[in-house]
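These notes are about the structure you will find just below.
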Amino acid sequence: MKYLMSFLGCLCLAVAFSNAQSLKVAEKISENQIAPLADQKLLVIDFWATWCGPCIPATKQMEIYQDLYKEEVYFMALSDEYYGTISTHLKKHPIQLAVFQDAENYTFSKYQVTSRPHVVVLNAKGKLLWQGKPGDLRPADFDRFLKREANTNNKDLAELINYQVVNKEVVPDEIVSTVQIDLCEGACYDRMELTPQYIDFQGHLSHLLAELYQVSDFEVVMEYPDVQVMLKAPYQTWSEAPDDIVRQLADQFGLEIKKQSRKMNIQELDIVDRSKLWDDQQIDWGNPQGNFLVGNSRMEGDNLSLKSLARLLSKEKKTLYKYQGKDKLLRDWNFHYLYDDLMKSELLDQFGIAIRPTVADVEVILVNEFSAFQ
């Protein structure tokens, strides 16, 4: 019995230590501008990165929740990037939540965060209550968590945040004046940072071409090894002269990149009741260039054209969706996308858009070695 009690005592200490070490941070980069870190009942960690496009609307959504629950919930945005990288990004894209730098990837590893945006909800004792895509976290969830924690003895949330001193690395503002292309060295994964000054891309060549031509990955046909590349380019060149970047890619890697028509199975988006379409005033995440937020079951978009919506659906549904009409207006969206029948019903009833499977001529981007076409 004595050994059992001793074991249980050690176990309790281990659990308490684990809770106390809910997260380690190297630096608080900016303060929460909406709520103080006081005796709130819940702590929400918004895992993000400067290169993560969908993180911007996700964090905006968390800012709305912070304002709604400022007396009971404290929100923080956590990145595992360098101090200077985060600081530089915040000059261009301010965040109203407290912004922290993770300490040696401790918190990202603890909660097994492999993709972003990602959100974790803890109680004041460090117990994990919820984690997942931010698009799936709703006010009803907070209400349920807070009701569950109403009668608990909460300690200061600040005790959950442990500081670990690391050397700051100040990264100066980067100036990109020319297009720079090279093969990836070592580990390489798809990411794209888009700033008003430059574009920084890393990932598969096929995905880069899809971004340049603003098509889905299904519309890039690789008859050449899909190598991983790195690209930096001035934003003006990226937005106004993408063909110049394509030509440089072709010249540097000895490729023939051309457009070709092919018959393909598609899911076609067709406007059948234009009066139901939303304009661009339904959702405002403060970015006129357009952003989206994808949860486990719902998809939201701010300032997305129908063509961009089709690209997003192609990526998430792993099937080619196409809009081939003339509507180019930026619009807002909020609908279920996980189950096909429910998605089709919502898009038709709420937005007047029908989805029809068909076979159509699709212009694809064909990539091959230059000599193969001679």
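Following the order of the structure tokens, chains are lettered A, B, ..., residues in each are numbered from 1, and ligands are numbered from 1.
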Exercise for the section: List the neighbours of Gly53 (chain A) out to 8 Å using only C-alpha atoms; skip same-chain residues closer than 3 positions along the sequence, and give me the result as JSON, numbers by chain. Expected result: {"A": [50, 56, 192, 193, 194, 291]}
With all heavy atoms kept, could you save the residues just selected as a compact mmCIF listing (two decimals), in the first residue's frame?
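So again.txt came out as:
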# COMPACT_ATOMS: atom_id res chain seq x y z
N THR A 50 4.09 33.39 -40.32
CA THR A 50 4.07 34.55 -41.22
C THR A 50 3.80 34.14 -42.66
O THR A 50 3.28 34.92 -43.45
CB THR A 50 5.42 35.30 -41.16
OG1 THR A 50 6.48 34.41 -41.56
CG2 THR A 50 5.70 35.80 -39.75
N ILE A 56 -4.26 34.42 -41.47
CA ILE A 56 -4.69 35.80 -41.29
C ILE A 56 -6.18 35.87 -40.92
O ILE A 56 -6.53 36.45 -39.89
CB ILE A 56 -4.37 36.64 -42.54
CG1 ILE A 56 -2.86 36.72 -42.74
CG2 ILE A 56 -4.98 38.04 -42.42
CD1 ILE A 56 -2.43 37.45 -44.00
N MET A 192 4.02 29.57 -48.82
CA MET A 192 4.08 30.78 -49.64
C MET A 192 3.79 31.98 -48.77
O MET A 192 2.74 32.07 -48.14
CB MET A 192 3.09 30.71 -50.80
CG MET A 192 3.22 31.88 -51.77
SD MET A 192 2.26 31.69 -53.29
CE MET A 192 0.60 31.93 -52.66
N GLU A 193 4.75 32.91 -48.69
CA GLU A 193 4.56 34.15 -47.96
C GLU A 193 4.38 35.26 -48.98
O GLU A 193 5.22 35.49 -49.84
CB GLU A 193 5.77 34.45 -47.07
CG GLU A 193 5.62 35.75 -46.29
CD GLU A 193 6.85 36.09 -45.47
OE1 GLU A 193 7.81 35.31 -45.47
OE2 GLU A 193 6.84 37.16 -44.83
N LEU A 194 3.25 35.94 -48.88
CA LEU A 194 2.93 37.01 -49.82
C LEU A 194 2.85 38.31 -49.05
O LEU A 194 2.02 38.47 -48.15
CB LEU A 194 1.60 36.71 -50.51
CG LEU A 194 1.20 37.58 -51.70
CD1 LEU A 194 2.21 37.43 -52.83
CD2 LEU A 194 -0.19 37.20 -52.20
N ASN A 291 -9.26 36.28 -48.57
CA ASN A 291 -8.78 35.26 -47.65
C ASN A 291 -9.87 34.23 -47.43
O ASN A 291 -11.05 34.48 -47.71
CB ASN A 291 -8.36 35.87 -46.31
CG ASN A 291 -6.87 36.22 -46.28
OD1 ASN A 291 -6.04 35.38 -46.60
ND2 ASN A 291 -6.56 37.45 -45.93
Which neighbours of Gln252 (chain A) fall inside 12 Å, counting only C-alpha atoms, when residues of the same chain fewer than 3 positions from it are skipped, and could you give them as an mmCIF file with C-alpha atoms, in the first residue's frame?
data_model
loop_
_atom_site.group_PDB
_atom_site.id
_atom_site.type_symbol
_atom_site.label_atom_id
_atom_site.label_comp_id
_atom_site.auth_asym_id
_atom_site.auth_seq_id
_atom_site.Cartn_x
_atom_site.Cartn_y
_atom_site.Cartn_z
ATOM 1 C CA VAL A 179 13.323 37.127 -59.488
ATOM 2 C CA GLN A 180 15.406 34.473 -57.701
ATOM 3 C CA ILE A 181 14.841 30.784 -58.531
ATOM 4 C CA ASP A 182 16.673 27.692 -57.344
ATOM 5 C CA LEU A 183 16.121 24.054 -56.433
ATOM 6 C CA VAL A 229 11.922 24.800 -55.933
ATOM 7 C CA ILE A 245 8.493 34.319 -64.048
ATOM 8 C CA VAL A 246 7.248 31.341 -66.075
ATOM 9 C CA ARG A 247 9.745 32.138 -68.850
ATOM 10 C CA GLN A 248 12.572 32.346 -66.322
ATOM 11 C CA LEU A 249 11.526 28.980 -64.846
ATOM 12 C CA LEU A 255 11.516 23.251 -69.777
ATOM 13 C CA GLU A 256 8.774 23.725 -72.301
ATOM 14 C CA GLU A 369 11.712 18.934 -70.982
ATOM 15 C CA PHE A 370 12.373 21.301 -73.864
#
Problem - Pick from A:Ser297, A:Ser206, A:Asn265, A:Asn151 nearest to Arg356 (chain A), counting only C-alpha atoms - result: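 The closest residue to Arg356 (chain A) is A:Asn265.
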Practice task
May I have the residues within 6 Å of region 68-75 of chain A as a list in words, using only C-alpha atoms and disregarding those fewer than 3 positions away in the same chain?
Solution key: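 In the requested format, the answer is Ala35, Gln40, Lys41, Leu42, Leu43, Val44 and Tyr65 of chain A.
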Please identify which residues in region 159-264 of chain A DSSP calls strand (DSSP E) from the backbone, and express them as a JSON list (two decimals) with all heavy atoms, in the first residue's frame.
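File result_18.json, as written:
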[["chain", "number", "residue", "atom", "x", "y", "z"],
["A", 161, "ILE", "N", 2.23, 29.93, -18.55],
["A", 161, "ILE", "CA", 3.17, 30.39, -19.56],
["A", 161, "ILE", "C", 4.55, 30.48, -18.94],
["A", 161, "ILE", "O", 4.81, 31.27, -18.05],
["A", 161, "ILE", "CB", 2.74, 31.77, -20.10],
["A", 161, "ILE", "CG1", 1.30, 31.70, -20.65],
["A", 161, "ILE", "CG2", 3.70, 32.24, -21.19],
["A", 161, "ILE", "CD1", 0.75, 33.04, -21.08],
["A", 162, "ASN", "N", 5.44, 29.63, -19.41],
["A", 162, "ASN", "CA", 6.80, 29.55, -18.89],
["A", 162, "ASN", "C", 7.77, 30.14, -19.90],
["A", 162, "ASN", "O", 7.78, 29.76, -21.07],
["A", 162, "ASN", "CB", 7.17, 28.09, -18.60],
["A", 162, "ASN", "CG", 6.28, 27.49, -17.54],
["A", 162, "ASN", "OD1", 6.57, 27.56, -16.37],
["A", 162, "ASN", "ND2", 5.17, 26.89, -17.97],
["A", 163, "TYR", "N", 8.59, 31.06, -19.42],
["A", 163, "TYR", "CA", 9.56, 31.73, -20.29],
["A", 163, "TYR", "C", 10.89, 31.00, -20.28],
["A", 163, "TYR", "O", 11.38, 30.58, -19.23],
["A", 163, "TYR", "CB", 9.77, 33.17, -19.85],
["A", 163, "TYR", "CG", 8.61, 34.07, -20.17],
["A", 163, "TYR", "CD1", 7.52, 34.17, -19.32],
["A", 163, "TYR", "CD2", 8.59, 34.81, -21.35],
["A", 163, "TYR", "CE1", 6.44, 34.99, -19.61],
["A", 163, "TYR", "CE2", 7.51, 35.63, -21.66],
["A", 163, "TYR", "CZ", 6.44, 35.72, -20.79],
["A", 163, "TYR", "OH", 5.38, 36.52, -21.09],
["A", 180, "GLN", "N", 14.36, 35.43, -58.10],
["A", 180, "GLN", "CA", 15.41, 34.47, -57.70],
["A", 180, "GLN", "C", 14.79, 33.07, -57.66],
["A", 180, "GLN", "O", 13.81, 32.84, -56.94],
["A", 180, "GLN", "CB", 15.95, 34.84, -56.32],
["A", 180, "GLN", "CG", 16.45, 36.28, -56.21],
["A", 180, "GLN", "CD", 16.61, 36.72, -54.77],
["A", 180, "GLN", "OE1", 16.95, 35.92, -53.89],
["A", 180, "GLN", "NE2", 16.37, 38.00, -54.51],
["A", 181, "ILE", "N", 15.37, 32.15, -58.42],
["A", 181, "ILE", "CA", 14.84, 30.78, -58.53],
["A", 181, "ILE", "C", 15.97, 29.79, -58.31],
["A", 181, "ILE", "O", 17.07, 29.96, -58.84],
["A", 181, "ILE", "CB", 14.20, 30.53, -59.92],
["A", 181, "ILE", "CG1", 13.07, 31.53, -60.19],
["A", 181, "ILE", "CG2", 13.68, 29.10, -60.02],
["A", 181, "ILE", "CD1", 12.54, 31.48, -61.60],
["A", 182, "ASP", "N", 15.68, 28.74, -57.54],
["A", 182, "ASP", "CA", 16.67, 27.69, -57.34],
["A", 182, "ASP", "C", 15.95, 26.43, -56.89],
["A", 182, "ASP", "O", 14.78, 26.47, -56.50],
["A", 182, "ASP", "CB", 17.69, 28.11, -56.28],
["A", 182, "ASP", "CG", 19.02, 27.37, -56.44],
["A", 182, "ASP", "OD1", 19.06, 26.40, -57.22],
["A", 182, "ASP", "OD2", 20.00, 27.75, -55.78],
["A", 183, "LEU", "N", 16.65, 25.29, -56.98],
["A", 183, "LEU", "CA", 16.12, 24.05, -56.43],
["A", 183, "LEU", "C", 16.18, 24.10, -54.91],
["A", 183, "LEU", "O", 17.08, 24.71, -54.33],
["A", 183, "LEU", "CB", 16.92, 22.86, -56.95],
["A", 183, "LEU", "CG", 16.78, 22.53, -58.44],
["A", 183, "LEU", "CD1", 17.77, 21.43, -58.82],
["A", 183, "LEU", "CD2", 15.36, 22.11, -58.78],
["A", 191, "ARG", "N", 5.05, 26.15, -48.92],
["A", 191, "ARG", "CA", 4.66, 27.34, -48.17],
["A", 191, "ARG", "C", 4.78, 28.53, -49.10],
["A", 191, "ARG", "O", 5.56, 28.53, -50.06],
["A", 191, "ARG", "CB", 5.55, 27.56, -46.94],
["A", 191, "ARG", "CG", 6.99, 27.96, -47.22],
["A", 191, "ARG", "CD", 7.70, 28.34, -45.94],
["A", 191, "ARG", "NE", 9.07, 28.77, -46.16],
["A", 191, "ARG", "CZ", 9.42, 30.01, -46.51],
["A", 191, "ARG", "NH1", 8.47, 30.92, -46.69],
["A", 191, "ARG", "NH2", 10.68, 30.33, -46.70],
["A", 192, "MET", "N", 4.02, 29.57, -48.82],
["A", 192, "MET", "CA", 4.08, 30.78, -49.64],
["A", 192, "MET", "C", 3.79, 31.98, -48.77],
["A", 192, "MET", "O", 2.74, 32.07, -48.14],
["A", 192, "MET", "CB", 3.09, 30.71, -50.80],
["A", 192, "MET", "CG", 3.22, 31.88, -51.77],
["A", 192, "MET", "SD", 2.26, 31.69, -53.29],
["A", 192, "MET", "CE", 0.60, 31.93, -52.66],
["A", 193, "GLU", "N", 4.75, 32.91, -48.69],
["A", 193, "GLU", "CA", 4.56, 34.15, -47.96],
["A", 193, "GLU", "C", 4.38, 35.26, -48.98],
["A", 193, "GLU", "O", 5.22, 35.49, -49.84],
["A", 193, "GLU", "CB", 5.77, 34.45, -47.07],
["A", 193, "GLU", "CG", 5.62, 35.75, -46.29],
["A", 193, "GLU", "CD", 6.85, 36.09, -45.47],
["A", 193, "GLU", "OE1", 7.81, 35.31, -45.47],
["A", 193, "GLU", "OE2", 6.84, 37.16, -44.83],
["A", 194, "LEU", "N", 3.25, 35.94, -48.88],
["A", 194, "LEU", "CA", 2.93, 37.01, -49.82],
["A", 194, "LEU", "C", 2.85, 38.31, -49.05],
["A", 194, "LEU", "O", 2.02, 38.47, -48.15],
["A", 194, "LEU", "CB", 1.60, 36.71, -50.51],
["A", 194, "LEU", "CG", 1.20, 37.58, -51.70],
["A", 194, "LEU", "CD1", 2.21, 37.43, -52.83],
["A", 194, "LEU", "CD2", -0.19, 37.20, -52.20],
["A", 198, "TYR", "N", 7.09, 41.53, -51.66],
["A", 198, "TYR", "CA", 7.67, 40.39, -52.37],
["A", 198, "TYR", "C", 6.86, 39.12, -52.10],
["A", 198, "TYR", "O", 6.02, 39.06, -51.22],
["A", 198, "TYR", "CB", 9.13, 40.17, -51.96],
["A", 198, "TYR", "CG", 9.30, 39.78, -50.50],
["A", 198, "TYR", "CD1", 9.25, 38.45, -50.09],
["A", 198, "TYR", "CD2", 9.52, 40.76, -49.52],
["A", 198, "TYR", "CE1", 9.39, 38.09, -48.75],
["A", 198, "TYR", "CE2", 9.67, 40.41, -48.18],
["A", 198, "TYR", "CZ", 9.60, 39.08, -47.81],
["A", 198, "TYR", "OH", 9.74, 38.73, -46.49],
["A", 199, "ILE", "N", 7.17, 38.10, -52.91],
["A", 199, "ILE", "CA", 6.60, 36.76, -52.73],
["A", 199, "ILE", "C", 7.75, 35.81, -52.43],
["A", 199, "ILE", "O", 8.80, 35.86, -53.08],
["A", 199, "ILE", "CB", 5.83, 36.30, -54.00],
["A", 199, "ILE", "CG1", 5.46, 34.81, -53.91],
["A", 199, "ILE", "CG2", 6.65, 36.52, -55.26],
["A", 199, "ILE", "CD1", 4.36, 34.54, -52.94],
["A", 200, "ASP", "N", 7.56, 34.97, -51.42],
["A", 200, "ASP", "CA", 8.57, 33.98, -51.05],
["A", 200, "ASP", "C", 7.89, 32.61, -51.09],
["A", 200, "ASP", "O", 7.03, 32.32, -50.25],
["A", 200, "ASP", "CB", 9.11, 34.29, -49.64],
["A", 200, "ASP", "CG", 10.25, 33.35, -49.24],
["A", 200, "ASP", "OD1", 10.55, 32.42, -50.00],
["A", 200, "ASP", "OD2", 10.81, 33.54, -48.15],
["A", 201, "PHE", "N", 8.26, 31.80, -52.08],
["A", 201, "PHE", "CA", 7.62, 30.49, -52.29],
["A", 201, "PHE", "C", 8.63, 29.38, -52.11],
["A", 201, "PHE", "O", 9.79, 29.49, -52.50],
["A", 201, "PHE", "CB", 7.02, 30.40, -53.70],
["A", 201, "PHE", "CG", 6.46, 29.04, -54.03],
["A", 201, "PHE", "CD1", 5.14, 28.74, -53.78],
["A", 201, "PHE", "CD2", 7.27, 28.06, -54.60],
["A", 201, "PHE", "CE1", 4.62, 27.48, -54.07],
["A", 201, "PHE", "CE2", 6.77, 26.80, -54.89],
["A", 201, "PHE", "CZ", 5.44, 26.51, -54.62],
["A", 202, "GLN", "N", 8.15, 28.28, -51.55],
["A", 202, "GLN", "CA", 8.95, 27.06, -51.44],
["A", 202, "GLN", "C", 8.02, 25.87, -51.61],
["A", 202, "GLN", "O", 6.98, 25.80, -50.96],
["A", 202, "GLN", "CB", 9.62, 27.01, -50.06],
["A", 202, "GLN", "CG", 10.38, 25.72, -49.79],
["A", 202, "GLN", "CD", 11.01, 25.73, -48.41],
["A", 202, "GLN", "OE1", 11.96, 26.45, -48.17],
["A", 202, "GLN", "NE2", 10.45, 24.94, -47.49],
["A", 203, "GLY", "N", 8.36, 24.95, -52.51],
["A", 203, "GLY", "CA", 7.50, 23.78, -52.70],
["A", 203, "GLY", "C", 7.62, 23.20, -54.09],
["A", 203, "GLY", "O", 8.58, 23.48, -54.83],
["A", 204, "HIS", "N", 6.64, 22.39, -54.47],
["A", 204, "HIS", "CA", 6.68, 21.70, -55.76],
["A", 204, "HIS", "C", 6.49, 22.67, -56.93],
["A", 204, "HIS", "O", 5.71, 23.63, -56.84],
["A", 204, "HIS", "CB", 5.61, 20.61, -55.80],
["A", 204, "HIS", "CG", 5.92, 19.43, -54.93],
["A", 204, "HIS", "ND1", 5.55, 19.37, -53.61],
["A", 204, "HIS", "CD2", 6.58, 18.27, -55.20],
["A", 204, "HIS", "CE1", 5.96, 18.22, -53.09],
["A", 204, "HIS", "NE2", 6.59, 17.55, -54.03],
["A", 220, "VAL", "N", -2.38, 21.42, -63.88],
["A", 220, "VAL", "CA", -0.96, 21.44, -64.22],
["A", 220, "VAL", "C", -0.54, 19.98, -64.46],
["A", 220, "VAL", "O", -0.57, 19.16, -63.54],
["A", 220, "VAL", "CB", -0.11, 22.06, -63.10],
["A", 220, "VAL", "CG1", 1.37, 22.02, -63.49],
["A", 220, "VAL", "CG2", -0.56, 23.50, -62.84],
["A", 221, "VAL", "N", -0.18, 19.67, -65.67],
["A", 221, "VAL", "CA", 0.19, 18.30, -66.06],
["A", 221, "VAL", "C", 1.71, 18.22, -66.16],
["A", 221, "VAL", "O", 2.32, 18.84, -67.05],
["A", 221, "VAL", "CB", -0.47, 17.90, -67.39],
["A", 221, "VAL", "CG1", -0.07, 16.47, -67.76],
["A", 221, "VAL", "CG2", -2.00, 18.02, -67.29],
["A", 222, "MET", "N", 2.31, 17.45, -65.26],
["A", 222, "MET", "CA", 3.77, 17.34, -65.21],
["A", 222, "MET", "C", 4.23, 16.10, -65.97],
["A", 222, "MET", "O", 3.96, 14.98, -65.56],
["A", 222, "MET", "CB", 4.25, 17.28, -63.76],
["A", 222, "MET", "CG", 3.91, 18.49, -62.92],
["A", 222, "MET", "SD", 4.74, 20.01, -63.47],
["A", 222, "MET", "CE", 6.47, 19.57, -63.22],
["A", 228, "GLN", "N", 11.20, 20.20, -56.35],
["A", 228, "GLN", "CA", 10.85, 21.23, -55.38],
["A", 228, "GLN", "C", 11.78, 22.41, -55.57],
["A", 228, "GLN", "O", 12.99, 22.27, -55.69],
["A", 228, "GLN", "CB", 10.96, 20.67, -53.96],
["A", 228, "GLN", "CG", 9.90, 19.60, -53.69],
["A", 228, "GLN", "CD", 9.92, 19.14, -52.25],
["A", 228, "GLN", "OE1", 10.95, 18.75, -51.75],
["A", 228, "GLN", "NE2", 8.78, 19.19, -51.59],
["A", 229, "VAL", "N", 11.18, 23.59, -55.60],
["A", 229, "VAL", "CA", 11.92, 24.80, -55.93],
["A", 229, "VAL", "C", 11.71, 25.88, -54.88],
["A", 229, "VAL", "O", 10.78, 25.81, -54.07],
["A", 229, "VAL", "CB", 11.49, 25.35, -57.32],
["A", 229, "VAL", "CG1", 11.75, 24.31, -58.40],
["A", 229, "VAL", "CG2", 10.02, 25.76, -57.31],
["A", 230, "MET", "N", 12.61, 26.85, -54.90],
["A", 230, "MET", "CA", 12.49, 28.05, -54.08],
["A", 230, "MET", "C", 12.41, 29.25, -55.02],
["A", 230, "MET", "O", 13.13, 29.30, -56.02],
["A", 230, "MET", "CB", 13.69, 28.21, -53.15],
["A", 230, "MET", "CG", 13.89, 27.06, -52.17],
["A", 230, "MET", "SD", 15.30, 27.35, -51.05],
["A", 230, "MET", "CE", 16.65, 27.34, -52.24],
["A", 231, "LEU", "N", 11.53, 30.19, -54.71],
["A", 231, "LEU", "CA", 11.39, 31.38, -55.54],
["A", 231, "LEU", "C", 11.15, 32.59, -54.66],
["A", 231, "LEU", "O", 10.36, 32.54, -53.72],
["A", 231, "LEU", "CB", 10.24, 31.23, -56.54],
["A", 231, "LEU", "CG", 9.91, 32.48, -57.37],
["A", 231, "LEU", "CD1", 9.65, 32.11, -58.81],
["A", 231, "LEU", "CD2", 8.70, 33.23, -56.80],
["A", 232, "LYS", "N", 11.86, 33.67, -54.97],
["A", 232, "LYS", "CA", 11.57, 34.98, -54.41],
["A", 232, "LYS", "C", 11.44, 35.95, -55.57],
["A", 232, "LYS", "O", 12.24, 35.90, -56.52],
["A", 232, "LYS", "CB", 12.68, 35.44, -53.45],
["A", 232, "LYS", "CG", 12.68, 34.70, -52.13],
["A", 232, "LYS", "CD", 13.70, 35.29, -51.18],
["A", 232, "LYS", "CE", 13.67, 34.54, -49.84],
["A", 232, "LYS", "NZ", 14.66, 35.11, -48.88],
["A", 233, "ALA", "N", 10.43, 36.81, -55.49],
["A", 233, "ALA", "CA", 10.20, 37.74, -56.59],
["A", 233, "ALA", "C", 9.53, 39.00, -56.05],
["A", 233, "ALA", "O", 8.78, 38.94, -55.07],
["A", 233, "ALA", "CB", 9.32, 37.10, -57.67],
["A", 234, "PRO", "N", 9.77, 40.15, -56.67],
["A", 234, "PRO", "CA", 9.04, 41.36, -56.28],
["A", 234, "PRO", "C", 7.54, 41.14, -56.45],
["A", 234, "PRO", "O", 7.11, 40.50, -57.42],
["A", 234, "PRO", "CB", 9.58, 42.42, -57.24],
["A", 234, "PRO", "CG", 10.88, 41.89, -57.72],
["A", 234, "PRO", "CD", 10.73, 40.41, -57.76],
["A", 255, "LEU", "N", 12.87, 23.79, -69.65],
["A", 255, "LEU", "CA", 11.52, 23.25, -69.78],
["A", 255, "LEU", "C", 10.75, 23.91, -70.92],
["A", 255, "LEU", "O", 11.03, 25.04, -71.31],
["A", 255, "LEU", "CB", 10.74, 23.47, -68.48],
["A", 255, "LEU", "CG", 11.31, 22.85, -67.20],
["A", 255, "LEU", "CD1", 10.46, 23.26, -66.00],
["A", 255, "LEU", "CD2", 11.40, 21.35, -67.32],
["A", 256, "GLU", "N", 9.80, 23.17, -71.41],
["A", 256, "GLU", "CA", 8.77, 23.72, -72.30],
["A", 256, "GLU", "C", 7.48, 23.76, -71.49],
["A", 256, "GLU", "O", 6.99, 22.72, -71.04],
["A", 256, "GLU", "CB", 8.60, 22.86, -73.55],
["A", 256, "GLU", "CG", 7.54, 23.36, -74.51],
["A", 256, "GLU", "CD", 8.03, 24.52, -75.38],
["A", 256, "GLU", "OE1", 9.25, 24.79, -75.38],
["A", 256, "GLU", "OE2", 7.18, 25.14, -76.05],
["A", 257, "ILE", "N", 6.96, 24.94, -71.26],
["A", 257, "ILE", "CA", 5.73, 25.11, -70.49],
["A", 257, "ILE", "C", 4.70, 25.75, -71.41],
["A", 257, "ILE", "O", 4.87, 26.89, -71.86],
["A", 257, "ILE", "CB", 5.96, 26.01, -69.25],
["A", 257, "ILE", "CG1", 7.05, 25.41, -68.36],
["A", 257, "ILE", "CG2", 4.66, 26.18, -68.45],
["A", 257, "ILE", "CD1", 7.46, 26.30, -67.19],
["A", 258, "LYS", "N", 3.68, 25.02, -71.76],
["A", 258, "LYS", "CA", 2.71, 25.53, -72.72],
["A", 258, "LYS", "C", 1.30, 25.12, -72.31],
["A", 258, "LYS", "O", 1.09, 24.22, -71.49],
["A", 258, "LYS", "CB", 3.02, 25.02, -74.12],
["A", 258, "LYS", "CG", 2.86, 23.51, -74.29],
["A", 258, "LYS", "CD", 3.17, 23.12, -75.74],
["A", 258, "LYS", "CE", 2.91, 21.63, -75.98],
["A", 258, "LYS", "NZ", 3.19, 21.25, -77.38],
["A", 259, "LYS", "N", 0.32, 25.81, -72.88],
["A", 259, "LYS", "CA", -1.08, 25.51, -72.61],
["A", 259, "LYS", "C", -1.62, 24.56, -73.67],
["A", 259, "LYS", "O", -1.28, 24.65, -74.85],
["A", 259, "LYS", "CB", -1.90, 26.81, -72.60],
["A", 259, "LYS", "CG", -1.50, 27.76, -71.48],
["A", 259, "LYS", "CD", -2.33, 29.04, -71.49],
["A", 259, "LYS", "CE", -1.92, 29.98, -70.36],
["A", 259, "LYS", "NZ", -2.70, 31.23, -70.35],
["A", 260, "GLN", "N", -2.47, 23.66, -73.21],
["A", 260, "GLN", "CA", -3.04, 22.65, -74.11],
["A", 260, "GLN", "C", -4.44, 22.32, -73.64],
["A", 260, "GLN", "O", -4.70, 22.22, -72.43],
["A", 260, "GLN", "CB", -2.16, 21.41, -74.11],
["A", 260, "GLN", "CG", -2.57, 20.34, -75.11],
["A", 260, "GLN", "CD", -1.66, 19.14, -75.03],
["A", 260, "GLN", "OE1", -1.90, 18.22, -74.26],
["A", 260, "GLN", "NE2", -0.57, 19.14, -75.83],
["A", 261, "SER", "N", -5.35, 22.13, -74.56],
["A", 261, "SER", "CA", -6.73, 21.79, -74.22],
["A", 261, "SER", "C", -6.89, 20.28, -74.07],
["A", 261, "SER", "O", -6.41, 19.52, -74.92],
["A", 261, "SER", "CB", -7.69, 22.31, -75.30],
["A", 261, "SER", "OG", -9.03, 21.99, -74.97],
["A", 262, "ARG", "N", -7.52, 19.87, -72.98],
["A", 262, "ARG", "CA", -7.79, 18.45, -72.75],
["A", 262, "ARG", "C", -9.21, 18.27, -72.22],
["A", 262, "ARG", "O", -9.70, 19.11, -71.46],
["A", 262, "ARG", "CB", -6.81, 17.86, -71.73],
["A", 262, "ARG", "CG", -5.39, 17.74, -72.25],
["A", 262, "ARG", "CD", -4.53, 16.92, -71.31],
["A", 262, "ARG", "NE", -3.19, 16.70, -71.84],
["A", 262, "ARG", "CZ", -2.29, 15.91, -71.29],
["A", 262, "ARG", "NH1", -2.58, 15.26, -70.16],
["A", 262, "ARG", "NH2", -1.10, 15.76, -71.83],
["A", 263, "LYS", "N", -9.83, 17.18, -72.61],
["A", 263, "LYS", "CA", -11.15, 16.86, -72.05],
["A", 263, "LYS", "C", -10.97, 16.27, -70.66],
["A", 263, "LYS", "O", -10.18, 15.33, -70.47],
["A", 263, "LYS", "CB", -11.89, 15.88, -72.96],
["A", 263, "LYS", "CG", -12.40, 16.51, -74.25],
["A", 263, "LYS", "CD", -13.42, 15.63, -74.93],
["A", 263, "LYS", "CE", -13.98, 16.31, -76.18],
["A", 263, "LYS", "NZ", -14.73, 17.54, -75.83],
["A", 264, "MET", "N", -11.70, 16.82, -69.70],
["A", 264, "MET", "CA", -11.55, 16.38, -68.32],
["A", 264, "MET", "C", -12.92, 16.33, -67.64],
["A", 264, "MET", "O", -13.85, 17.07, -68.00],
["A", 264, "MET", "CB", -10.63, 17.33, -67.54],
["A", 264, "MET", "CG", -9.23, 17.46, -68.11],
["A", 264, "MET", "SD", -8.16, 18.57, -67.14],
["A", 264, "MET", "CE", -7.88, 17.55, -65.68]]
Problem - Filtered DSSP result for region 55-288 of chain A, state helix (DSSP H, G or I), as a ChimeraX atom specification - result: /A:55-68,83-92,106-110,134-136,139-148,157-160,205-213,217-219,235-240,242-253,274-276
Exercise for the section: Show which residues sit within 8 Å of Glu81 (chain A), as JSON, numbers by chain. Count only C-alpha atoms, and ignore same-chain residues fewer than 5 positions away. Expected result: {"A": [49, 86, 101, 102]}
With N, CA and C atoms kept, could you save the residues just selected as a PDB file, in the first residue's frame?
ATOM      1  N   ALA A  49       1.796  31.263 -38.561  1.00  0.00           N
ATOM      2  CA  ALA A  49       3.122  31.532 -39.131  1.00  0.00           C
ATOM      3  C   ALA A  49       2.999  32.691 -40.106  1.00  0.00           C
ATOM      4  N   ILE A  86       9.031  37.329 -37.037  1.00  0.00           N
ATOM      5  CA  ILE A  86       7.708  37.653 -36.498  1.00  0.00           C
ATOM      6  C   ILE A  86       7.543  39.157 -36.355  1.00  0.00           C
ATOM      7  N   GLN A 101       6.663  34.037 -29.207  1.00  0.00           N
ATOM      8  CA  GLN A 101       7.539  33.148 -29.961  1.00  0.00           C
ATOM      9  C   GLN A 101       7.706  31.860 -29.159  1.00  0.00           C
ATOM     10  N   ASP A 102       7.475  30.728 -29.805  1.00  0.00           N
ATOM     11  CA  ASP A 102       7.622  29.444 -29.118  1.00  0.00           C
ATOM     12  C   ASP A 102       9.093  29.208 -28.756  1.00  0.00           C
TER      13      ASP A 102
END
Handout entry: Which of A:Thr88, A:Val359, A:Gln66, A:Glu104 sits closest to Glu27 (chain A) [using only C-alpha atoms]
Key =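 Looking only at the distances to Glu27 (chain A), the closest residue turns out to be A:Glu104.
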